[in-house]
$ cat upload_28.cif   # mmCIF, C-alpha atoms (C1' of nucleotides)
data_run
loop_
_atom_site.label_atom_id
_atom_site.label_comp_id
_atom_site.auth_asym_id
_atom_site.auth_seq_id
_atom_site.Cartn_x
_atom_site.Cartn_y
_atom_site.Cartn_z
CA MET H 1 204.32 -263.86 -9.86
CA GLN H 2 206.70 -265.80 -7.74
CA LYS H 3 204.34 -268.73 -8.21
CA ASP H 4 204.71 -268.54 -11.98
CA ALA H 5 208.47 -268.23 -11.69
CA GLU H 6 208.75 -271.40 -9.65
CA ALA H 7 206.80 -273.30 -12.28
CA GLN H 8 209.72 -272.79 -14.67
CA LEU H 9 212.26 -274.40 -12.32
CA PRO H 10 214.67 -275.98 -12.19
CA LEU H 11 216.87 -274.38 -14.85
CA THR H 12 219.77 -276.18 -16.49
CA THR H 13 223.21 -275.05 -15.39
CA LEU H 14 223.81 -273.26 -18.68
CA TRP H 15 220.48 -271.44 -18.64
CA TYR H 16 221.11 -270.32 -15.08
CA ASN H 17 224.55 -269.06 -15.98
CA ILE H 18 223.25 -267.15 -18.99
CA LEU H 19 220.61 -265.41 -16.89
CA LEU H 20 223.26 -264.73 -14.26
CA ALA H 21 225.53 -263.17 -16.88
CA LEU H 22 222.69 -260.84 -17.87
CA ALA H 23 221.81 -259.91 -14.29
CA ASP H 24 223.93 -256.78 -14.17
CA GLU H 25 224.07 -255.67 -17.80
CA ALA H 26 222.91 -256.40 -21.34
CA ARG H 27 225.23 -258.67 -23.30
CA HIS H 28 225.43 -260.43 -26.64
CA GLY H 29 225.98 -264.17 -27.14
CA TYR H 30 229.71 -264.10 -27.56
CA GLY H 31 230.08 -261.74 -24.62
CA ILE H 32 228.05 -264.13 -22.46
CA ILE H 33 230.37 -267.01 -23.35
CA LYS H 34 233.43 -264.95 -22.50
CA GLU H 35 231.90 -263.78 -19.21
CA ILE H 36 231.14 -267.37 -18.17
CA GLU H 37 234.62 -268.60 -19.16
CA LEU H 38 236.30 -265.77 -17.28
CA ARG H 39 234.12 -266.12 -14.20
CA THR H 40 234.55 -269.90 -13.94
CA ASP H 41 238.25 -269.80 -14.77
CA GLY H 42 237.62 -271.85 -17.90
CA ARG H 43 235.92 -274.67 -16.06
CA MET H 44 232.77 -273.88 -18.01
CA SER H 45 233.16 -273.18 -21.70
CA PRO H 46 229.88 -273.69 -23.54
CA GLY H 47 230.04 -274.03 -27.31
CA THR H 48 228.57 -271.38 -29.55
CA GLY H 49 225.91 -273.72 -30.90
CA THR H 50 224.63 -274.44 -27.41
CA VAL H 51 224.55 -270.82 -26.34
CA TYR H 52 222.86 -269.37 -29.41
CA LEU H 53 220.20 -272.07 -29.28
CA ALA H 54 219.70 -271.51 -25.55
CA LEU H 55 219.29 -267.78 -26.19
CA GLN H 56 216.54 -268.54 -28.70
CA ARG H 57 214.74 -270.75 -26.19
CA LEU H 58 215.15 -268.26 -23.37
CA GLU H 59 213.65 -265.59 -25.58
CA GLU H 60 210.76 -267.85 -26.59
CA ASP H 61 210.14 -268.53 -22.91
CA GLY H 62 210.04 -264.80 -22.19
CA LEU H 63 213.01 -264.80 -19.83
CA ILE H 64 215.21 -262.57 -21.97
CA ALA H 65 214.56 -260.05 -24.75
CA GLU H 66 216.63 -258.31 -27.37
CA SER H 67 217.60 -254.84 -26.23
CA LYS H 68 217.50 -252.74 -29.35
CA GLU H 69 218.52 -249.55 -27.62
CA THR H 70 221.88 -250.86 -26.47
CA ALA H 71 222.57 -252.26 -29.90
CA GLU H 72 221.82 -248.94 -31.55
CA ALA H 73 223.86 -247.03 -29.01
CA THR H 74 226.84 -249.28 -29.64
CA GLU H 75 226.45 -248.78 -33.34
CA ARG H 76 226.34 -245.04 -32.99
CA VAL H 77 229.46 -244.86 -30.87
CA HIS H 78 231.65 -247.49 -32.42
CA ARG H 79 230.23 -247.72 -35.92
CA ASP H 80 230.01 -251.39 -35.10
CA LYS H 81 228.76 -253.18 -38.15
CA ARG H 82 229.08 -256.64 -36.72
CA ARG H 83 225.66 -258.21 -36.52
CA ARG H 84 225.36 -258.33 -32.77
CA ARG H 85 222.27 -259.26 -30.89
CA TRP H 86 222.11 -257.78 -27.42
CA TYR H 87 219.96 -259.40 -24.77
CA GLU H 88 218.67 -258.31 -21.38
CA LEU H 89 216.58 -259.91 -18.67
CA THR H 90 212.83 -259.45 -18.74
CA PRO H 91 211.04 -258.92 -15.39
CA GLN H 92 209.95 -262.55 -15.65
CA GLY H 93 213.53 -263.62 -16.32
CA ARG H 94 214.69 -261.73 -13.26
CA ALA H 95 211.98 -263.39 -11.16
CA VAL H 96 212.94 -266.84 -12.42
CA LEU H 97 216.62 -266.14 -11.77
CA ALA H 98 215.78 -265.08 -8.21
CA ALA H 99 213.58 -268.14 -7.63
CA GLU H 100 216.25 -270.49 -8.94
CA THR H 101 218.88 -268.81 -6.79
CA ARG H 102 216.68 -269.40 -3.73
CA ARG H 103 216.21 -273.04 -4.76
CA LEU H 104 219.96 -273.53 -5.13
CA LEU H 105 220.55 -271.81 -1.80
CA ALA H 106 218.20 -274.29 -0.15
CA GLU H 107 220.11 -277.20 -1.68
CA VAL H 108 223.47 -275.84 -0.59
CA SER H 109 222.08 -275.21 2.89
CA LEU H 110 220.98 -278.82 3.14
CA ALA H 111 224.36 -280.00 1.90
CA VAL H 112 226.02 -277.98 4.64
CA GLU H 113 223.62 -279.45 7.22
CA LYS H 114 224.55 -282.92 6.04
CA GLY H 115 228.24 -282.09 6.43
CA VAL H 116 229.04 -282.34 2.73
CA ILE H 117 231.30 -279.30 2.85
CA ASP H 118 233.01 -277.56 5.71
CA SER H 119 230.80 -274.74 6.94
CA SER H 120 233.85 -272.47 6.98
CA SER H 121 233.49 -272.40 3.18
CA LEU H 122 230.49 -270.16 3.80
CA LYS H 123 232.58 -267.26 5.08
CA THR H 124 232.76 -265.98 1.54
CA LEU H 125 229.09 -265.13 1.64
CA MET C 1 241.35 -286.10 -5.96
CA GLN C 2 239.54 -282.84 -6.00
CA LYS C 3 240.90 -282.36 -9.47
CA ASP C 4 239.20 -285.51 -10.71
CA ALA C 5 235.97 -284.60 -8.98
CA GLU C 6 235.78 -281.25 -10.74
CA ALA C 7 236.19 -282.95 -14.09
CA GLN C 8 232.79 -284.55 -13.59
CA LEU C 9 230.98 -281.24 -13.06
CA PRO C 10 228.49 -279.82 -13.45
CA LEU C 11 225.89 -282.36 -12.37
CA THR C 12 222.29 -282.24 -13.48
CA THR C 13 219.79 -281.12 -10.85
CA LEU C 14 218.46 -284.66 -10.45
CA TRP C 15 221.89 -286.25 -10.11
CA TYR C 16 222.86 -283.67 -7.51
CA ASN C 17 219.68 -284.29 -5.56
CA ILE C 18 220.18 -288.06 -5.65
CA LEU C 19 223.73 -287.72 -4.29
CA LEU C 20 222.43 -285.26 -1.70
CA ALA C 21 219.76 -287.75 -0.62
CA LEU C 22 222.47 -290.35 -0.09
CA ALA C 23 224.79 -287.99 1.80
CA ASP C 24 223.59 -288.98 5.26
CA GLU C 25 222.39 -292.55 4.79
CA ALA C 26 222.00 -295.43 2.33
CA ARG C 27 218.68 -295.44 0.49
CA HIS C 28 216.91 -297.35 -2.26
CA GLY C 29 215.42 -295.80 -5.40
CA TYR C 30 211.89 -295.37 -4.16
CA GLY C 31 213.17 -293.98 -0.86
CA ILE C 32 215.26 -291.42 -2.74
CA ILE C 33 212.20 -290.25 -4.69
CA LYS C 34 210.19 -289.85 -1.50
CA GLU C 35 213.03 -288.01 0.24
CA ILE C 36 213.30 -285.54 -2.63
CA GLU C 37 209.54 -284.99 -2.82
CA LEU C 38 209.32 -284.43 0.93
CA ARG C 39 212.33 -282.15 1.08
CA THR C 40 211.22 -279.98 -1.86
CA ASP C 41 207.60 -279.89 -0.75
CA GLY C 42 206.55 -281.69 -3.94
CA ARG C 43 208.16 -279.10 -6.21
CA MET C 44 210.45 -281.82 -7.46
CA SER C 45 208.91 -285.18 -8.20
CA PRO C 46 211.10 -287.21 -10.54
CA GLY C 47 209.50 -290.19 -12.29
CA THR C 48 210.60 -293.71 -11.49
CA GLY C 49 212.00 -294.24 -14.96
CA THR C 50 214.26 -291.23 -14.63
CA VAL C 51 215.55 -292.15 -11.18
CA TYR C 52 216.28 -295.82 -11.82
CA LEU C 53 218.15 -294.96 -14.99
CA ALA C 54 220.08 -292.21 -13.22
CA LEU C 55 221.03 -294.69 -10.48
CA GLN C 56 222.44 -297.02 -13.13
CA ARG C 57 224.50 -294.20 -14.65
CA LEU C 58 225.71 -292.97 -11.26
CA GLU C 59 226.85 -296.48 -10.44
CA GLU C 60 228.60 -296.83 -13.81
CA ASP C 61 230.36 -293.53 -13.14
CA GLY C 62 231.52 -294.78 -9.75
CA LEU C 63 229.68 -292.14 -7.73
CA ILE C 64 227.40 -294.57 -5.91
CA ALA C 65 227.53 -298.29 -5.14
CA GLU C 66 225.08 -300.92 -4.00
CA SER C 67 225.37 -301.46 -0.27
CA LYS C 68 224.79 -305.14 0.21
CA GLU C 69 225.18 -305.03 3.96
CA THR C 70 222.29 -302.72 4.56
CA ALA C 71 220.10 -304.75 2.25
CA GLU C 72 220.94 -307.91 4.10
CA ALA C 73 220.46 -306.29 7.49
CA THR C 74 217.04 -305.07 6.46
CA GLU C 75 216.14 -308.49 5.21
CA ARG C 76 217.18 -310.09 8.46
CA VAL C 77 215.26 -307.67 10.64
CA HIS C 78 212.11 -307.12 8.64
CA ARG C 79 212.01 -310.26 6.54
CA ASP C 80 211.72 -307.83 3.66
CA LYS C 81 211.28 -309.84 0.52
CA ARG C 82 210.76 -306.92 -1.77
CA ARG C 83 213.60 -306.72 -4.24
CA ARG C 84 215.20 -303.56 -2.97
CA ARG C 85 218.50 -302.16 -4.14
CA TRP C 86 220.21 -300.02 -1.54
CA TYR C 87 222.76 -297.45 -2.63
CA GLU C 88 225.41 -295.43 -0.84
CA LEU C 89 227.94 -292.79 -1.84
CA THR C 90 231.42 -293.92 -2.85
CA PRO C 91 234.36 -291.74 -1.71
CA GLN C 92 234.46 -290.41 -5.27
CA GLY C 93 230.74 -289.67 -5.13
CA ARG C 94 231.19 -287.76 -1.90
CA ALA C 95 234.06 -285.77 -3.43
CA VAL C 96 231.97 -284.90 -6.49
CA LEU C 97 229.03 -283.91 -4.30
CA ALA C 98 231.30 -281.61 -2.30
CA ALA C 99 232.84 -280.10 -5.44
CA GLU C 100 229.42 -279.45 -6.97
CA THR C 101 228.21 -277.89 -3.73
CA ARG C 102 231.17 -275.50 -3.81
CA ARG C 103 230.44 -274.70 -7.44
CA LEU C 104 226.79 -273.94 -6.64
CA LEU C 105 227.84 -271.86 -3.65
CA ALA C 106 230.03 -269.74 -5.92
CA GLU C 107 227.12 -269.19 -8.30
CA VAL C 108 224.77 -268.22 -5.50
CA SER C 109 227.41 -265.88 -4.08
CA LEU C 110 227.73 -264.14 -7.41
CA ALA C 111 223.94 -263.88 -7.69
CA VAL C 112 223.88 -262.20 -4.29
CA GLU C 113 226.66 -259.82 -5.35
CA LYS C 114 224.64 -258.90 -8.42
CA GLY C 115 221.61 -258.18 -6.24
CA VAL C 116 219.51 -261.00 -7.64
CA ILE C 117 218.16 -261.89 -4.21
CA ASP C 118 218.04 -259.98 -0.98
CA SER C 119 221.09 -260.85 1.10
CA SER C 120 218.81 -261.26 4.11
CA SER C 121 217.79 -264.57 2.50
CA LEU C 122 221.19 -265.83 3.55
CA LYS C 123 220.36 -265.74 7.24
CA THR C 124 219.19 -269.31 6.94
CA LEU C 125 222.77 -270.43 6.40
"C1'" DG U 1 190.11 -313.16 2.74
"C1'" DT U 2 189.95 -309.97 -0.66
"C1'" DT U 3 190.17 -305.53 -2.33
"C1'" DC U 4 192.85 -301.33 -2.36
"C1'" DA U 5 196.63 -298.09 -1.60
"C1'" DA U 6 201.44 -297.71 -0.87
"C1'" DT U 7 205.81 -299.61 -1.76
"C1'" DA U 8 209.30 -301.02 -5.17
"C1'" DT U 9 211.66 -301.74 -9.66
"C1'" DA U 10 211.84 -301.66 -14.61
"C1'" DT U 11 211.14 -300.65 -19.88
"C1'" DT U 12 209.91 -297.85 -23.78
"C1'" DG U 13 209.09 -293.82 -26.89
"C1'" DC U 14 209.51 -289.04 -27.09
"C1'" DT U 15 211.42 -284.48 -26.44
"C1'" DC U 16 214.97 -281.40 -25.69
"C1'" DA U 17 219.59 -279.67 -23.93
"C1'" DT U 18 224.40 -280.12 -24.87
"C1'" DC U 19 228.56 -281.12 -27.49
"C1'" DA U 20 231.63 -281.24 -31.38
"C1'" DA U 21 232.46 -279.95 -35.78
"C1'" DC U 22 231.87 -277.05 -39.46
"C1'" DA U 23 230.64 -272.65 -41.88
"C1'" DT U 24 230.69 -267.69 -42.53
"C1'" DA U 25 231.76 -262.82 -41.91
"C1'" DT U 26 233.76 -258.61 -39.73
"C1'" DA U 27 237.28 -255.89 -36.86
"C1'" DG U 28 241.74 -255.04 -35.35
"C1'" DT U 29 246.68 -255.73 -35.52
"C1'" DC U 30 251.33 -256.82 -37.25
"C1'" DG L 1 247.87 -258.86 -46.96
"C1'" DA L 2 247.80 -262.34 -43.32
"C1'" DC L 3 246.33 -263.60 -39.02
"C1'" DT L 4 243.77 -263.51 -34.72
"C1'" DA L 5 239.85 -262.22 -32.13
"C1'" DT L 6 235.14 -261.21 -32.44
"C1'" DA L 7 230.49 -262.73 -33.63
"C1'" DT L 8 226.59 -265.70 -35.15
"C1'" DG L 9 224.84 -269.70 -37.04
"C1'" DT L 10 223.74 -275.00 -38.67
"C1'" DT L 11 223.99 -279.92 -38.28
"C1'" DG L 12 224.47 -284.70 -36.40
"C1'" DA L 13 225.14 -287.38 -32.37
"C1'" DT L 14 224.59 -288.27 -27.51
"C1'" DG L 15 222.24 -288.45 -23.44
"C1'" DA L 16 219.09 -286.79 -19.58
"C1'" DG L 17 214.27 -286.35 -18.26
"C1'" DC L 18 209.20 -287.19 -18.80
"C1'" DA L 19 205.06 -289.79 -19.34
"C1'" DA L 20 203.04 -294.00 -19.85
"C1'" DT L 21 202.94 -298.71 -19.04
"C1'" DA L 22 203.99 -303.07 -16.70
"C1'" DT L 23 204.71 -306.08 -12.75
"C1'" DA L 24 205.05 -307.68 -7.97
"C1'" DT L 25 204.88 -307.23 -2.90
"C1'" DT L 26 203.25 -305.33 1.62
"C1'" DG L 27 199.96 -303.54 4.82
"C1'" DA L 28 195.60 -301.95 6.16
"C1'" DA L 29 190.68 -301.64 5.87
"C1'" DC L 30 186.30 -303.90 5.34
#
$ encode --input "upload_28.cif" --output "structure tokens"
Amino acid sequence: MQKDAEAQLPLTTLWYNILLALADEARHGYGIIKEIELRTDGRMSPGTGTVYLALQRLEEDGLIAESKETAEATERVHRDKRRRRWYELTPQGRAVLAAETRRLLAEVSLAVEKGVIDSSSLKTL
Amino acid sequence: MQKDAEAQLPLTTLWYNILLALADEARHGYGIIKEIELRTDGRMSPGTGTVYLALQRLEEDGLIAESKETAEATERVHRDKRRRRWYELTPQGRAVLAAETRRLLAEVSLAVEKGVIDSSSLKTL
DNA sequence: GTTCAATATATTGCTCATCAACATATAGTC
DNA sequence: GACTATATGTTGATGAGCAATATATTGAAC
């Protein structure tokens, strides 16, 4: 399980950020873009073409899946007729996200060891 | 300064790892590959073509520079006639490496907040 | 002393992720 | 009715990474 997850690493920055956006709740493409822009204070602002293609690939790779239930629920409540596609993490996607997070943590740790950033920056954790 | 550095983010995983390899000492291409392989336990093993091209780009972007002194010193001491190209971080390269490390730290922090990994994994820091 | 593995750099063709621009349609507001 | 925000999609160009191939030197084993 964790073995398989590590075989799919490393992820691109965008892929990682998409999985991260889906970590706490199901979202649709546009919502993912907005979440990333908000969270990074506009420093990251992926184009729609990039994101929708990445979502296709992530689905093909089994890391995310369309969540029909949420889509239907939204439709019931809001009579939302916009063609939205909601996505959520698959168990595999969650495992890959965790594995990549551990990989990044190891890199950051090494960077701290090498004095790249002040270790006081770690207080936030 | 830090503003400029952030404009060059995010870095690809390979570029980040090359800069990280150069953070503590000057190295040549082959040495960088070996350092990355050793450090990641073979999980990352970039091909020579990829690394030598990346080194060219990093130099063009002003993040690394050839360190003639080290090359000459090595030649003097070891009579090393192999055509080695030693690289070191430029101040700009160091600033970008620091900025990217902070960016990654923020992502990992968020992942921890969202419960992606157990926060006990952070003890290593 | 020559064969062999490790060291060291480089090029080329292919695939794939990203960007920028464009296209389309609906929902909400003024 | 006009305009903005929401929402998904395609297309062409760029550029990073991989795999394969090529070449040359160094060091050790035999």
$ residues_around --input "upload_28.cif" --residues "DT3 (chain U)" --least-positions-apart "2" --cutoff "10 Å" --atoms "all atoms listed in the file" --output "PyMOL selection string"
(chain U and resi 1+5) or (chain L and resi 29-30)
$ residues_around --input "upload_28.cif" --residues "DA22 (chain L)" --least-positions-apart "6" --cutoff "12 Å" --atoms "only C-alpha atoms (C1' of nucleotides)" --output "ChimeraX atom specification"
/U:9-12
$ resolve_selection --input "upload_28.cif" --expression "the PyMOL selection byres ((chain C) within 12 of (chain U))" --output "PyMOL selection string"
chain C and resi 12+28-34+47-53+55-56+80-86
$ interface_residues --input "upload_28.cif" --of "chain C" --to "chain H" --cutoff "8 Å" --atoms "all atoms listed in the file" --output "ChimeraX atom specification"
/C:10,12-13,20,23-24,94,97-98,101-102,104-105,108-109,111,114,116-117,121,124-125
$ atom_distance --input "upload_28.cif" --atom1 "CA of Glu88 (chain H)" --atom2 "CA of Arg27 (chain H)"
6.8 Å
$ closest_atom_pairs --input "upload_28.cif" --of "chain L" --to "chain C" --cutoff "8 Å" --atoms "all atoms listed in the file" --output "CSV"
residue,atom,partner,partner_atom,distance
L:DG17,C1',C:Thr50,CA,6.1
L:DC18,C1',C:Gly47,CA,7.2
L:DT25,C1',C:Arg82,CA,6.0
$ atom_distance --input "upload_28.cif" --atom1 "CA of Asp4 (chain C)" --atom2 "CA of Ala26 (chain C)"
23.8 Å
$ atom_distance --input "upload_28.cif" --atom1 "C1' of DG15 (chain L)" --atom2 "CA of Ile36 (chain C)"
22.8 Å
$ resolve_selection --input "upload_28.cif" --expression "the PyMOL selection byres ((chain H and resi 65) around 10)" --output "list of chain:residue names"
H:Ala26, H:Leu55, H:Gln56, H:Leu58, H:Glu59, H:Glu60, H:Asp61, H:Gly62, H:Leu63, H:Ile64, H:Glu66, H:Ser67, H:Lys68, H:Arg85, H:Trp86, H:Tyr87, H:Glu88, H:Leu89, H:Thr90, H:Gly93
